[in-house]
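The structure under discussion appears below in the form of structure tokens.
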Amino acid sequence: MWLLQMAQHEHTDGSQVELDLYGQAILDAVRIANMGVCITMPVEGTVRGVHVSDAALAIVGRTREEMLSRNMFDFVAPEDRQRLEELHRRRLAGEPCEPIIETEIIRGDGRRVPIAYAVAEPPVGTSRGIVVFFWDISSRRAEEARLRRVIESAPDGIVISRNGVVLDANPAAARLLGYDDAHAIKGVSLHALMSPVDTEAMTERVAKMREGVQFAPRVYEAKRRDGSRIIAEITSVPYEHDGQLAVMGFARDVTYRAKLEAQLVQSERLVALGTLAAGVAHEINNPLAVMSLSLEDLANRLSPALERVDQGERKSIAAAIDELRAGVDRVAGIIRELRAFSRTDTAPPGPTNVLESLAAAERMTTHQLRHHTRVCTDYGVVPLAMGHAQRLEQVFVNLLINAAQALPEGRAENRIDIRAYVAADGRVAVEIKDNGSGMDDAVLPRVFDPFFTTKSSSGGTGLGLSISHGIVKQLSGEIVLESQVGVGTTARVLLNAVAARSFATPSSVSSPRATRARSQVLIVDDEPSLLTTLRMLIADDHDVTTANSGEAACAILLSGRSFDVVLCDMMMPGVTGMDVYARVAHVMPELLPRFVFMTGGACTERAAGFLAQNASKVLEKPFTVATVRRVIFELTHDQSSYAGPSA
């Protein structure tokens with residue numbers, strides 16, 4: 001055995017038996033592992049074989065005579081021969097070399113076989129023998145090729161890094177980071193691709209990962225080539241790359257998901273705010289209704305007395321009353337708009353006064369518009385439209401804010417025109433037009449896409465127009481944008497017009513008492529001051545009975561008394577207005593069309609659903625005496641045309 005014979009050249013003492021055993025064990029292990037062994041000696045600048053194992057002959061596909069008679073470098077792939085000869089020269093010079101080398105050999109049949117080999121250099125007398133152990137790595141290369149194909153075609157980005165530097169990446173990772181070619185990422189530092197905070201977090205996780213700690217995926221903010229930011233969910237695992245430990249990271253773009261989650265959080269906050277606002281509104285609107293009714297009564301009572309004072313004092317008192325009335329209206333408007341904007345409204349679309357929704361949207365955006373632009377309005381006479389007041393307010397607010405944000409800062413000629421009119425096809429049209437920067441043909445088709453925005457990262461979420469488009473579409477309407485760069489943008493909302501019954505008093509009737517006897521009215525509310533004030537204000541024209549609780553109302557109604565109108569508060573302790581309505585439905589269903597519900601806000605899901613089903617007869621607190629009188633007149637003079645609330 002060559003390996004044993006080489007050992008005998010230097011050892012002739014009692015350790016010979018031990019060396020023989022070691023040599024035999026090594027050869028047996030090599031044979032079992034199917035590794036080729038080739039023992040060579042340097043001869044006149046070449047490397048000649050002096051022994052070749054059977055396994056080596058099988059791998060190389062040559063005869064023993066051929067292997068022993070030729071320079072060993074003749075069997076190496078031509079393009080790799082120079083590199084291997086240089087490694088051989090360095091080894092003979094005593095320089096450190098790679099412990100395992102990979103190359104390809106050319107078999108006798110011309111086929112290439114990838115191999116890996118390791119070299120040992122035991123002394124043989126005065127010469128240095130070279131023992132080469134090599135093995136076929138074709139199966140490993142094939143497996144690596146399959147893995148590479150999987151990595152290359154993976155939809156998620158895959159990045160291999162070591163010490164914070166990218167060693168390799170797949171095309172999906174390149175696309176994720178805004179590069180055309182994965183090779184462009186190689187050598188790039190992770191510090192250039194992530195924020196300092198995220199880089200530090202990843203470094204800490206990688207250090208612990210090397211200690212065997214496993215981590216769940218983590219969300220990082222990555223920087224694209226063009227400077228934009230994306231949110232990526234990255235799963236990292238230890239990975240051996242080129243014989244050394246590295247980290248393989250699987251990255252998935254979750255920017256859209258992150259924005260949806262942020263929107264969901266915001267929606268949940270709004271729902272919570274809506275619940276709180278509904279409760280607060282109910283508590284505020286009761287005394288506010290009393291203030292509104294009392295103020296109206298006060299103005300009526302003072303009117304004759306003001307005729308006897310001088311004109312200056314009369315104007316001063318009238319101005320004070322107007323200020324009080326404006327204050328009450330402002331508080332009522334704030335509460336109404338807060339409820340409308342923060343709740344999830346399930347009410348179906350119905351006849352809607354578009355001009356009122358426009359006015360509310362103007363009020364809500366006044367602070368954003370008044371110091372930035374001039375707003376011009378042109379409201380024509382338009383019919384009611386099929387819509388939903390609060391949802392349309394949201395649409396108009398979004399469009400007004402978009403228009404304002406399209407205007408340059410500090411430009412004196414900034415202008416927004418708001419126009420309402422009847423379109424040629426009979427639909428109700430609302431236009432909001434700005435003279436801002438406008439949009440080109442490449443941007444315009446995408447403006448309704450979720451999260452698409454032309455603003456900076458702090459200028460908008462890209463959801464306003466998408467939400468507005470969805471709302472208008474749900475209302476069976478249409479929203480159209482027209483834009484020209486340097487000229488401005490026009491947003492047009494088109495809604496179906498409807499012929500709907502309103503509470504308007506016919507002009508030929510000056511007073512309900514002129515055509516009908518006194519009506520029987522039952523007022524139900526747990527607010528004593530509201531009961532007292534409302535009764536006092538309508539008692540001249542109607543016979544009024546009051547009940548300060550749901551229980552008292554049920555007792556009165558179920559006693560058999562008949563009423564022309566029942567003004568019933570929605571939310572009361574114990575028996576609510578909904579409960580009163582339900583009990584009456586079983587005993588006196590003919591009374592149901594005469595119910596009108598007074599509400600300061602739906603505080604519960606049940607109440608919101610009830611109002612959604614019975615929205616045709618609702619008085620929102622605070623209301624005016626004139627509104628109450630019109631409701632009573634309508635119910636007592638046009639019963640046949642009114643479809644009352646459903647049970």
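Naming works like this for the structure tokens: A, B, ... for the chains as they're shown, residue 1 at the start of each chain, ligands 1 onward in shown order.
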
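The neighbours of A:Asn285 here are the residues that come within 7 Å of it, using only C-alpha atoms and leaving out any residue fewer than 4 positions away in the same chain; they are Ala281, Ala289, Gly600, Lys621 and Pro622 of chain A.
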
Residues just named, written with C-alpha atoms as a PDB file, in the first residue's frame:
```pdb
ATOM      1  CA  ALA A 281     -73.994  64.253  21.405  1.00  0.00           C
ATOM      2  CA  ALA A 289     -82.581  71.623  21.944  1.00  0.00           C
ATOM      3  CA  GLY A 600     -79.655  63.487  19.820  1.00  0.00           C
ATOM      4  CA  LYS A 621     -81.865  67.559  18.025  1.00  0.00           C
ATOM      5  CA  PRO A 622     -81.635  70.485  18.257  1.00  0.00           C
TER       6      PRO A 622
END
```

Practice task
Excluding A:Gly249 and any residue of its chain fewer than 6 positions from it, enumerate the residues within 12 Å of it, using only C-alpha atoms, and give them as a VMD selection string.
Solution key: chain A and resid 151 156 to 162 164 166 to 170 173 190 202 205 to 206 217 to 218 220 232 to 239

Prev. selection, N, CA and C atoms, output as a PDB file, in the first residue's frame:
```pdb
ATOM      1  N   ILE A 151     -34.710  29.652  -6.289  1.00  0.00           N
ATOM      2  CA  ILE A 151     -34.457  30.999  -5.751  1.00  0.00           C
ATOM      3  C   ILE A 151     -34.717  32.054  -6.819  1.00  0.00           C
ATOM      4  N   ASP A 156     -40.865  35.992  -3.742  1.00  0.00           N
ATOM      5  CA  ASP A 156     -40.343  36.823  -2.660  1.00  0.00           C
ATOM      6  C   ASP A 156     -38.867  37.109  -2.897  1.00  0.00           C
ATOM      7  N   GLY A 157     -38.423  38.247  -2.384  1.00  0.00           N
ATOM      8  CA  GLY A 157     -37.013  38.585  -2.497  1.00  0.00           C
ATOM      9  C   GLY A 157     -36.170  37.711  -1.573  1.00  0.00           C
ATOM     10  N   ILE A 158     -35.035  37.234  -2.084  1.00  0.00           N
ATOM     11  CA  ILE A 158     -34.106  36.421  -1.290  1.00  0.00           C
ATOM     12  C   ILE A 158     -32.734  37.077  -1.366  1.00  0.00           C
ATOM     13  N   VAL A 159     -32.157  37.358  -0.194  1.00  0.00           N
ATOM     14  CA  VAL A 159     -30.856  38.015  -0.114  1.00  0.00           C
ATOM     15  C   VAL A 159     -29.951  37.206   0.799  1.00  0.00           C
ATOM     16  N   ILE A 160     -28.747  36.912   0.338  1.00  0.00           N
ATOM     17  CA  ILE A 160     -27.752  36.229   1.161  1.00  0.00           C
ATOM     18  C   ILE A 160     -26.703  37.266   1.544  1.00  0.00           C
ATOM     19  N   SER A 161     -26.440  37.380   2.841  1.00  0.00           N
ATOM     20  CA  SER A 161     -25.509  38.399   3.321  1.00  0.00           C
ATOM     21  C   SER A 161     -24.573  37.803   4.368  1.00  0.00           C
ATOM     22  N   ARG A 162     -23.448  38.467   4.522  1.00  0.00           N
ATOM     23  CA  ARG A 162     -22.501  38.098   5.570  1.00  0.00           C
ATOM     24  C   ARG A 162     -21.855  39.383   6.069  1.00  0.00           C
ATOM     25  N   GLY A 164     -23.175  41.976   7.185  1.00  0.00           N
ATOM     26  CA  GLY A 164     -23.884  43.174   6.755  1.00  0.00           C
ATOM     27  C   GLY A 164     -23.674  43.559   5.309  1.00  0.00           C
ATOM     28  N   VAL A 166     -24.268  42.329   1.155  1.00  0.00           N
ATOM     29  CA  VAL A 166     -25.010  41.419   0.282  1.00  0.00           C
ATOM     30  C   VAL A 166     -24.036  40.596  -0.552  1.00  0.00           C
ATOM     31  N   LEU A 167     -24.147  39.272  -0.461  1.00  0.00           N
ATOM     32  CA  LEU A 167     -23.323  38.369  -1.258  1.00  0.00           C
ATOM     33  C   LEU A 167     -24.045  37.914  -2.525  1.00  0.00           C
ATOM     34  N   ASP A 168     -25.351  37.756  -2.424  1.00  0.00           N
ATOM     35  CA  ASP A 168     -26.124  37.267  -3.559  1.00  0.00           C
ATOM     36  C   ASP A 168     -27.580  37.671  -3.357  1.00  0.00           C
ATOM     37  N   ALA A 169     -28.318  37.732  -4.440  1.00  0.00           N
ATOM     38  CA  ALA A 169     -29.738  38.100  -4.370  1.00  0.00           C
ATOM     39  C   ALA A 169     -30.427  37.569  -5.609  1.00  0.00           C
ATOM     40  N   ASN A 170     -31.747  37.404  -5.511  1.00  0.00           N
ATOM     41  CA  ASN A 170     -32.506  36.931  -6.664  1.00  0.00           C
ATOM     42  C   ASN A 170     -33.203  38.104  -7.356  1.00  0.00           C
ATOM     43  N   ALA A 173     -35.723  40.180  -5.314  1.00  0.00           N
ATOM     44  CA  ALA A 173     -35.122  41.130  -4.373  1.00  0.00           C
ATOM     45  C   ALA A 173     -34.700  42.399  -5.100  1.00  0.00           C
ATOM     46  N   LEU A 190     -25.994  46.497   3.870  1.00  0.00           N
ATOM     47  CA  LEU A 190     -27.377  46.568   4.352  1.00  0.00           C
ATOM     48  C   LEU A 190     -27.685  47.928   4.961  1.00  0.00           C
ATOM     49  N   MET A 202     -31.536  44.202  12.976  1.00  0.00           N
ATOM     50  CA  MET A 202     -31.173  43.003  12.223  1.00  0.00           C
ATOM     51  C   MET A 202     -29.825  42.455  12.676  1.00  0.00           C
ATOM     52  N   ARG A 205     -30.283  40.501  15.854  1.00  0.00           N
ATOM     53  CA  ARG A 205     -30.967  39.230  15.618  1.00  0.00           C
ATOM     54  C   ARG A 205     -30.029  38.207  14.973  1.00  0.00           C
ATOM     55  N   VAL A 206     -29.202  38.670  14.029  1.00  0.00           N
ATOM     56  CA  VAL A 206     -28.269  37.758  13.372  1.00  0.00           C
ATOM     57  C   VAL A 206     -27.268  37.208  14.370  1.00  0.00           C
ATOM     58  N   PRO A 217     -40.700  36.221  11.823  1.00  0.00           N
ATOM     59  CA  PRO A 217     -40.465  37.295  10.845  1.00  0.00           C
ATOM     60  C   PRO A 217     -40.627  38.665  11.488  1.00  0.00           C
ATOM     61  N   ARG A 218     -39.876  39.633  10.988  1.00  0.00           N
ATOM     62  CA  ARG A 218     -39.936  41.001  11.494  1.00  0.00           C
ATOM     63  C   ARG A 218     -40.151  41.958  10.333  1.00  0.00           C
ATOM     64  N   TYR A 220     -39.463  45.396   8.475  1.00  0.00           N
ATOM     65  CA  TYR A 220     -38.420  46.420   8.348  1.00  0.00           C
ATOM     66  C   TYR A 220     -38.853  47.450   7.306  1.00  0.00           C
ATOM     67  N   ALA A 232     -41.072  45.851   4.343  1.00  0.00           N
ATOM     68  CA  ALA A 232     -40.789  44.461   3.981  1.00  0.00           C
ATOM     69  C   ALA A 232     -40.806  43.591   5.233  1.00  0.00           C
ATOM     70  N   GLU A 233     -41.455  42.444   5.112  1.00  0.00           N
ATOM     71  CA  GLU A 233     -41.431  41.445   6.182  1.00  0.00           C
ATOM     72  C   GLU A 233     -40.322  40.455   5.847  1.00  0.00           C
ATOM     73  N   ILE A 234     -39.328  40.336   6.733  1.00  0.00           N
ATOM     74  CA  ILE A 234     -38.135  39.547   6.448  1.00  0.00           C
ATOM     75  C   ILE A 234     -38.011  38.397   7.443  1.00  0.00           C
ATOM     76  N   THR A 235     -37.785  37.201   6.901  1.00  0.00           N
ATOM     77  CA  THR A 235     -37.485  36.014   7.694  1.00  0.00           C
ATOM     78  C   THR A 235     -36.038  35.635   7.424  1.00  0.00           C
ATOM     79  N   SER A 236     -35.214  35.547   8.452  1.00  0.00           N
ATOM     80  CA  SER A 236     -33.788  35.267   8.293  1.00  0.00           C
ATOM     81  C   SER A 236     -33.444  33.908   8.881  1.00  0.00           C
ATOM     82  N   VAL A 237     -32.580  33.178   8.176  1.00  0.00           N
ATOM     83  CA  VAL A 237     -32.124  31.862   8.640  1.00  0.00           C
ATOM     84  C   VAL A 237     -30.632  31.745   8.367  1.00  0.00           C
ATOM     85  N   PRO A 238     -29.899  30.992   9.215  1.00  0.00           N
ATOM     86  CA  PRO A 238     -28.472  30.754   8.937  1.00  0.00           C
ATOM     87  C   PRO A 238     -28.316  29.955   7.645  1.00  0.00           C
ATOM     88  N   TYR A 239     -27.233  30.223   6.919  1.00  0.00           N
ATOM     89  CA  TYR A 239     -27.055  29.572   5.619  1.00  0.00           C
ATOM     90  C   TYR A 239     -25.564  29.494   5.321  1.00  0.00           C
TER      91      TYR A 239
END
```

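Within 10 Å of stretch 300-305 of chain A there are Ser294, Leu295, Glu296, Asp297, Arg308, Val309, Arg314, Ile317 and Ala318 of chain A, counting only C-alpha atoms and ignoring same-chain residues fewer than 3 positions away.
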
Can I get the selection written as a CSV table (one decimal), in the first residue's frame, with all heavy atoms?
```
chain,number,residue,atom,x,y,z
A,294,SER,N,-86.0,77.7,23.3
A,294,SER,CA,-86.3,78.8,24.1
A,294,SER,C,-85.8,80.1,23.5
A,294,SER,O,-86.4,81.2,23.6
A,294,SER,CB,-85.5,78.7,25.5
A,294,SER,OG,-86.0,77.5,26.1
A,295,LEU,N,-84.7,80.0,22.7
A,295,LEU,CA,-84.2,81.2,22.1
A,295,LEU,C,-85.2,81.7,21.0
A,295,LEU,O,-85.4,82.9,20.8
A,295,LEU,CB,-82.8,80.9,21.4
A,295,LEU,CG,-82.0,82.1,20.8
A,295,LEU,CD1,-81.8,83.1,21.9
A,295,LEU,CD2,-80.7,81.6,20.2
A,296,GLU,N,-85.7,80.7,20.3
A,296,GLU,CA,-86.7,81.0,19.3
A,296,GLU,C,-88.0,81.7,19.9
A,296,GLU,O,-88.5,82.7,19.4
A,296,GLU,CB,-87.1,79.8,18.5
A,296,GLU,CG,-88.0,80.0,17.3
A,296,GLU,CD,-88.2,78.7,16.5
A,296,GLU,OE1,-87.6,77.7,16.8
A,296,GLU,OE2,-89.0,78.8,15.5
A,297,ASP,N,-88.4,81.1,21.0
A,297,ASP,CA,-89.5,81.7,21.8
A,297,ASP,C,-89.2,83.1,22.3
A,297,ASP,O,-90.1,84.0,22.2
A,297,ASP,CB,-89.9,80.7,22.9
A,297,ASP,CG,-91.1,81.3,23.7
A,297,ASP,OD1,-92.2,81.5,23.1
A,297,ASP,OD2,-91.0,81.4,24.9
A,308,ARG,N,-91.0,99.2,20.4
A,308,ARG,CA,-91.2,100.4,21.2
A,308,ARG,C,-89.8,101.0,21.6
A,308,ARG,O,-89.8,102.0,22.4
A,308,ARG,CB,-92.0,100.0,22.4
A,308,ARG,CG,-93.4,99.6,22.1
A,308,ARG,CD,-94.3,99.5,23.3
A,308,ARG,NE,-93.8,98.5,24.3
A,308,ARG,CZ,-94.3,97.2,24.2
A,308,ARG,NH1,-95.1,96.8,23.3
A,308,ARG,NH2,-93.8,96.3,25.1
A,309,VAL,N,-88.7,100.4,21.3
A,309,VAL,CA,-87.4,101.0,21.6
A,309,VAL,C,-86.8,101.6,20.4
A,309,VAL,O,-87.2,101.4,19.3
A,309,VAL,CB,-86.5,99.9,22.2
A,309,VAL,CG1,-87.1,99.2,23.4
A,309,VAL,CG2,-86.2,98.8,21.2
A,314,ARG,N,-82.7,98.4,19.3
A,314,ARG,CA,-83.4,97.3,18.6
A,314,ARG,C,-82.4,96.5,17.8
A,314,ARG,O,-82.3,95.3,17.9
A,314,ARG,CB,-84.5,97.8,17.7
A,314,ARG,CG,-85.3,96.7,17.1
A,314,ARG,CD,-86.2,97.3,16.0
A,314,ARG,NE,-86.9,98.5,16.5
A,314,ARG,CZ,-87.3,99.5,15.8
A,314,ARG,NH1,-87.0,99.6,14.5
A,314,ARG,NH2,-87.9,100.6,16.4
A,317,ILE,N,-80.1,94.5,20.3
A,317,ILE,CA,-80.8,93.3,20.9
A,317,ILE,C,-80.9,92.2,19.8
A,317,ILE,O,-80.7,91.0,20.1
A,317,ILE,CB,-82.1,93.7,21.5
A,317,ILE,CG1,-82.0,94.6,22.7
A,317,ILE,CG2,-82.9,92.4,21.9
A,317,ILE,CD1,-83.3,95.2,23.2
A,318,ALA,N,-81.3,92.6,18.6
A,318,ALA,CA,-81.4,91.7,17.5
A,318,ALA,C,-80.1,91.0,17.2
A,318,ALA,O,-80.0,89.8,16.9
A,318,ALA,CB,-82.0,92.4,16.3
```

Compile the contact shell of A:Ile137 as a PDB file with N, CA and C atoms, in the first residue's frame: residues with an atom at most 7 Å away, counting only C-alpha atoms, same-chain residues fewer than 6 positions apart removed.
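Result file follows (result30.pdb):
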```
ATOM      1  N   PRO A 114     -17.560  17.704 -12.332  1.00  0.00           N
ATOM      2  CA  PRO A 114     -17.110  18.602 -11.256  1.00  0.00           C
ATOM      3  C   PRO A 114     -16.606  17.788 -10.066  1.00  0.00           C
ATOM      4  N   ILE A 115     -15.461  18.181  -9.542  1.00  0.00           N
ATOM      5  CA  ILE A 115     -14.901  17.500  -8.371  1.00  0.00           C
ATOM      6  C   ILE A 115     -14.461  18.525  -7.344  1.00  0.00           C
ATOM      7  N   ALA A 116     -14.298  18.062  -6.107  1.00  0.00           N
ATOM      8  CA  ALA A 116     -13.656  18.832  -5.050  1.00  0.00           C
ATOM      9  C   ALA A 116     -12.491  17.995  -4.550  1.00  0.00           C
TER      10      ALA A 116
END
```

Practice task
Extract, using only C-alpha atoms, all DNA, RNA and protein residues at most 12 Å from A:Leu193, discarding same-chain residues fewer than 4 positions from it, and format them as a VMD selection string.
Solution key: chain A and resid 159 164 to 166 173 to 174 176 to 179 185 187 to 189 197 to 199 202 220 to 232

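Separating atom CA of A:Gly312 from atom CA of A:Val290 is a distance of 29.2 Å.
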
Completion exercise
note - atom CA of A:Asn414 and atom CA of A:Arg374 are separated by 6.3 Å

Practice task
Write out as an MDAnalysis selection string the residues lying within 7 Å of stretch 529-533 of chain A, counting only C-alpha atoms and excluding same-chain residues fewer than 3 positions away.
Solution key: chainID A and resid 290 293:294 523 525 536:537 546

Next, write the just-selected residues to a file, as a PDB file, in the first residue's frame, keeping N, CA, C and O atoms as the atom set.
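Saved result, result-v9.pdb, follows:
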```pdb
ATOM      1  N   VAL A 290     -83.325  72.509  24.082  1.00  0.00           N
ATOM      2  CA  VAL A 290     -84.067  73.443  24.943  1.00  0.00           C
ATOM      3  C   VAL A 290     -83.615  74.874  24.670  1.00  0.00           C
ATOM      4  O   VAL A 290     -84.430  75.802  24.555  1.00  0.00           O
ATOM      5  N   LEU A 293     -85.003  76.038  21.240  1.00  0.00           N
ATOM      6  CA  LEU A 293     -86.441  76.322  21.293  1.00  0.00           C
ATOM      7  C   LEU A 293     -86.719  77.576  22.124  1.00  0.00           C
ATOM      8  O   LEU A 293     -87.544  78.425  21.756  1.00  0.00           O
ATOM      9  N   SER A 294     -86.035  77.687  23.266  1.00  0.00           N
ATOM     10  CA  SER A 294     -86.256  78.849  24.140  1.00  0.00           C
ATOM     11  C   SER A 294     -85.798  80.129  23.475  1.00  0.00           C
ATOM     12  O   SER A 294     -86.432  81.189  23.625  1.00  0.00           O
ATOM     13  N   ILE A 523     -95.983  64.080  23.536  1.00  0.00           N
ATOM     14  CA  ILE A 523     -94.532  64.297  23.526  1.00  0.00           C
ATOM     15  C   ILE A 523     -93.916  63.420  24.614  1.00  0.00           C
ATOM     16  O   ILE A 523     -94.315  63.495  25.781  1.00  0.00           O
ATOM     17  N   ASP A 525     -90.289  62.357  26.374  1.00  0.00           N
ATOM     18  CA  ASP A 525     -88.861  62.648  26.521  1.00  0.00           C
ATOM     19  C   ASP A 525     -88.505  62.628  27.996  1.00  0.00           C
ATOM     20  O   ASP A 525     -89.325  63.020  28.842  1.00  0.00           O
ATOM     21  N   MET A 536     -95.011  74.258  25.782  1.00  0.00           N
ATOM     22  CA  MET A 536     -95.404  75.668  25.851  1.00  0.00           C
ATOM     23  C   MET A 536     -95.442  76.299  24.458  1.00  0.00           C
ATOM     24  O   MET A 536     -96.335  77.091  24.144  1.00  0.00           O
ATOM     25  N   LEU A 537     -94.502  75.906  23.587  1.00  0.00           N
ATOM     26  CA  LEU A 537     -94.385  76.548  22.293  1.00  0.00           C
ATOM     27  C   LEU A 537     -95.450  76.114  21.290  1.00  0.00           C
ATOM     28  O   LEU A 537     -95.758  76.854  20.349  1.00  0.00           O
ATOM     29  N   THR A 546     -97.869  65.125  27.747  1.00  0.00           N
ATOM     30  CA  THR A 546     -96.437  64.803  27.867  1.00  0.00           C
ATOM     31  C   THR A 546     -96.243  63.554  28.720  1.00  0.00           C
ATOM     32  O   THR A 546     -97.039  63.241  29.598  1.00  0.00           O
TER      33      THR A 546
END
```

Exercise for the section: Using DSSP on the backbone coordinates, identify the residues of stretch 186-421 of chain A assigned to alpha helix (DSSP H); present them as a PyMOL selection string. Expected result: chain A and resi 196-209+255-306+311-342+354-369+389-405

Output file for the selection above: C-alpha atoms, as a short mmCIF file (atom, residue, chain, number, x, y, z; two decimals), in the first residue's frame:
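Saved the output as again_6.cif:
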```
data_model
loop_
_atom_site.label_atom_id
_atom_site.label_comp_id
_atom_site.auth_asym_id
_atom_site.auth_seq_id
_atom_site.Cartn_x
_atom_site.Cartn_y
_atom_site.Cartn_z
CA PRO A 196 -30.11 52.75 11.14
CA VAL A 197 -32.68 51.49 13.66
CA ASP A 198 -33.68 48.53 11.48
CA THR A 199 -30.05 47.76 10.62
CA GLU A 200 -29.17 47.63 14.30
CA ALA A 201 -32.15 45.38 15.02
CA MET A 202 -31.17 43.00 12.22
CA THR A 203 -27.54 42.89 13.40
CA GLU A 204 -28.65 41.95 16.92
CA ARG A 205 -30.97 39.23 15.62
CA VAL A 206 -28.27 37.76 13.37
CA ALA A 207 -25.81 37.62 16.29
CA LYS A 208 -28.33 35.72 18.43
CA MET A 209 -29.29 33.54 15.48
CA THR A 255 -46.31 47.96 2.09
CA TYR A 256 -49.90 47.60 0.94
CA ARG A 257 -50.75 45.38 3.90
CA ALA A 258 -49.09 47.80 6.33
CA LYS A 259 -51.14 50.67 4.95
CA LEU A 260 -54.31 48.60 5.17
CA GLU A 261 -53.48 47.74 8.78
CA ALA A 262 -52.86 51.41 9.52
CA GLN A 263 -56.16 52.25 7.87
CA LEU A 264 -57.87 49.54 9.92
CA VAL A 265 -56.41 50.98 13.12
CA GLN A 266 -57.62 54.40 12.08
CA SER A 267 -61.07 52.99 11.30
CA GLU A 268 -61.21 51.34 14.70
CA ARG A 269 -60.28 54.66 16.30
CA LEU A 270 -63.02 56.38 14.35
CA VAL A 271 -65.54 53.75 15.40
CA ALA A 272 -64.52 54.26 19.04
CA LEU A 273 -64.71 58.01 18.54
CA GLY A 274 -68.12 57.59 16.96
CA THR A 275 -69.40 55.62 19.94
CA LEU A 276 -68.08 58.28 22.30
CA ALA A 277 -69.39 61.10 20.11
CA ALA A 278 -72.87 59.58 19.93
CA GLY A 279 -73.10 59.42 23.70
CA VAL A 280 -71.75 62.94 24.16
CA ALA A 281 -73.99 64.25 21.40
CA HIS A 282 -77.07 62.78 23.06
CA GLU A 283 -76.22 64.45 26.36
CA ILE A 284 -75.41 67.80 24.74
CA ASN A 285 -78.23 67.86 22.23
CA ASN A 286 -80.98 67.63 24.85
CA PRO A 287 -80.09 70.89 26.62
CA LEU A 288 -79.10 72.36 23.27
CA ALA A 289 -82.58 71.62 21.94
CA VAL A 290 -84.07 73.44 24.94
CA MET A 291 -81.76 76.42 24.30
CA SER A 292 -82.70 76.50 20.63
CA LEU A 293 -86.44 76.32 21.29
CA SER A 294 -86.26 78.85 24.14
CA LEU A 295 -84.18 81.23 22.05
CA GLU A 296 -86.73 81.04 19.28
CA ASP A 297 -89.54 81.67 21.75
CA LEU A 298 -87.62 84.56 23.29
CA ALA A 299 -87.12 86.17 19.89
CA ASN A 300 -90.84 85.87 19.14
CA ARG A 301 -91.82 87.33 22.53
CA LEU A 302 -89.37 90.23 22.22
CA SER A 303 -90.43 91.14 18.72
CA PRO A 304 -93.44 93.34 19.76
CA ALA A 305 -91.49 94.94 22.59
CA LEU A 306 -88.60 95.85 20.28
CA GLN A 311 -83.60 101.74 16.40
CA GLY A 312 -80.06 101.49 17.80
CA GLU A 313 -81.17 99.47 20.83
CA ARG A 314 -83.38 97.31 18.63
CA LYS A 315 -80.43 96.46 16.37
CA SER A 316 -78.23 95.75 19.36
CA ILE A 317 -80.76 93.31 20.88
CA ALA A 318 -81.43 91.67 17.51
CA ALA A 319 -77.67 91.25 16.98
CA ALA A 320 -77.28 89.65 20.41
CA ILE A 321 -80.07 87.19 19.66
CA ASP A 322 -78.51 86.41 16.29
CA GLU A 323 -75.14 85.77 17.98
CA LEU A 324 -76.81 83.39 20.43
CA ARG A 325 -78.62 81.62 17.64
CA ALA A 326 -75.41 81.35 15.60
CA GLY A 327 -73.60 79.92 18.64
CA VAL A 328 -76.29 77.28 19.16
CA ASP A 329 -76.24 76.42 15.46
CA ARG A 330 -72.44 76.17 15.50
CA VAL A 331 -72.41 73.78 18.46
CA ALA A 332 -75.17 71.71 16.85
CA GLY A 333 -73.26 71.64 13.57
CA ILE A 334 -70.01 70.55 15.22
CA ILE A 335 -71.75 67.68 17.02
CA ARG A 336 -73.62 66.62 13.91
CA GLU A 337 -70.47 66.65 11.79
CA LEU A 338 -68.44 64.82 14.41
CA ARG A 339 -71.03 62.05 14.56
CA ALA A 340 -71.29 61.88 10.79
CA PHE A 341 -67.54 61.67 10.26
CA SER A 342 -66.62 59.23 13.00
CA VAL A 354 -76.98 67.92 -1.76
CA LEU A 355 -76.65 71.64 -1.00
CA GLU A 356 -76.80 70.96 2.74
CA SER A 357 -74.02 68.36 2.42
CA LEU A 358 -71.95 70.84 0.42
CA ALA A 359 -72.47 73.53 3.06
CA ALA A 360 -71.42 71.14 5.82
CA ALA A 361 -68.29 70.18 3.86
CA GLU A 362 -67.43 73.86 3.42
CA ARG A 363 -67.72 74.46 7.15
CA MET A 364 -65.51 71.48 7.97
CA THR A 365 -62.76 72.64 5.59
CA THR A 366 -62.95 76.37 6.30
CA HIS A 367 -59.78 76.40 8.40
CA GLN A 368 -57.83 74.69 5.58
CA LEU A 369 -59.18 76.86 2.80
CA ALA A 389 -75.98 63.21 3.65
CA GLN A 390 -73.04 62.17 5.83
CA ARG A 391 -71.35 60.10 3.15
CA LEU A 392 -71.68 62.90 0.62
CA GLU A 393 -70.19 65.29 3.18
CA GLN A 394 -67.16 63.00 3.35
CA VAL A 395 -66.89 62.94 -0.46
CA PHE A 396 -67.09 66.72 -0.73
CA VAL A 397 -64.59 67.21 2.12
CA ASN A 398 -62.11 64.89 0.39
CA LEU A 399 -62.53 66.71 -2.92
CA LEU A 400 -62.14 70.14 -1.31
CA ILE A 401 -58.99 69.10 0.54
CA ASN A 402 -57.56 67.57 -2.65
CA ALA A 403 -58.29 70.79 -4.51
CA ALA A 404 -56.62 72.87 -1.80
CA GLN A 405 -53.52 70.67 -1.77
#
```

Exercise for the section: Within 7 Å of A:Ile106, counting only C-alpha atoms, which residues show up once you throw out same-chain ones fewer than 6 positions away? Write them as an MDAnalysis selection string, please. Expected result: chainID A and resid 75:77 112:113
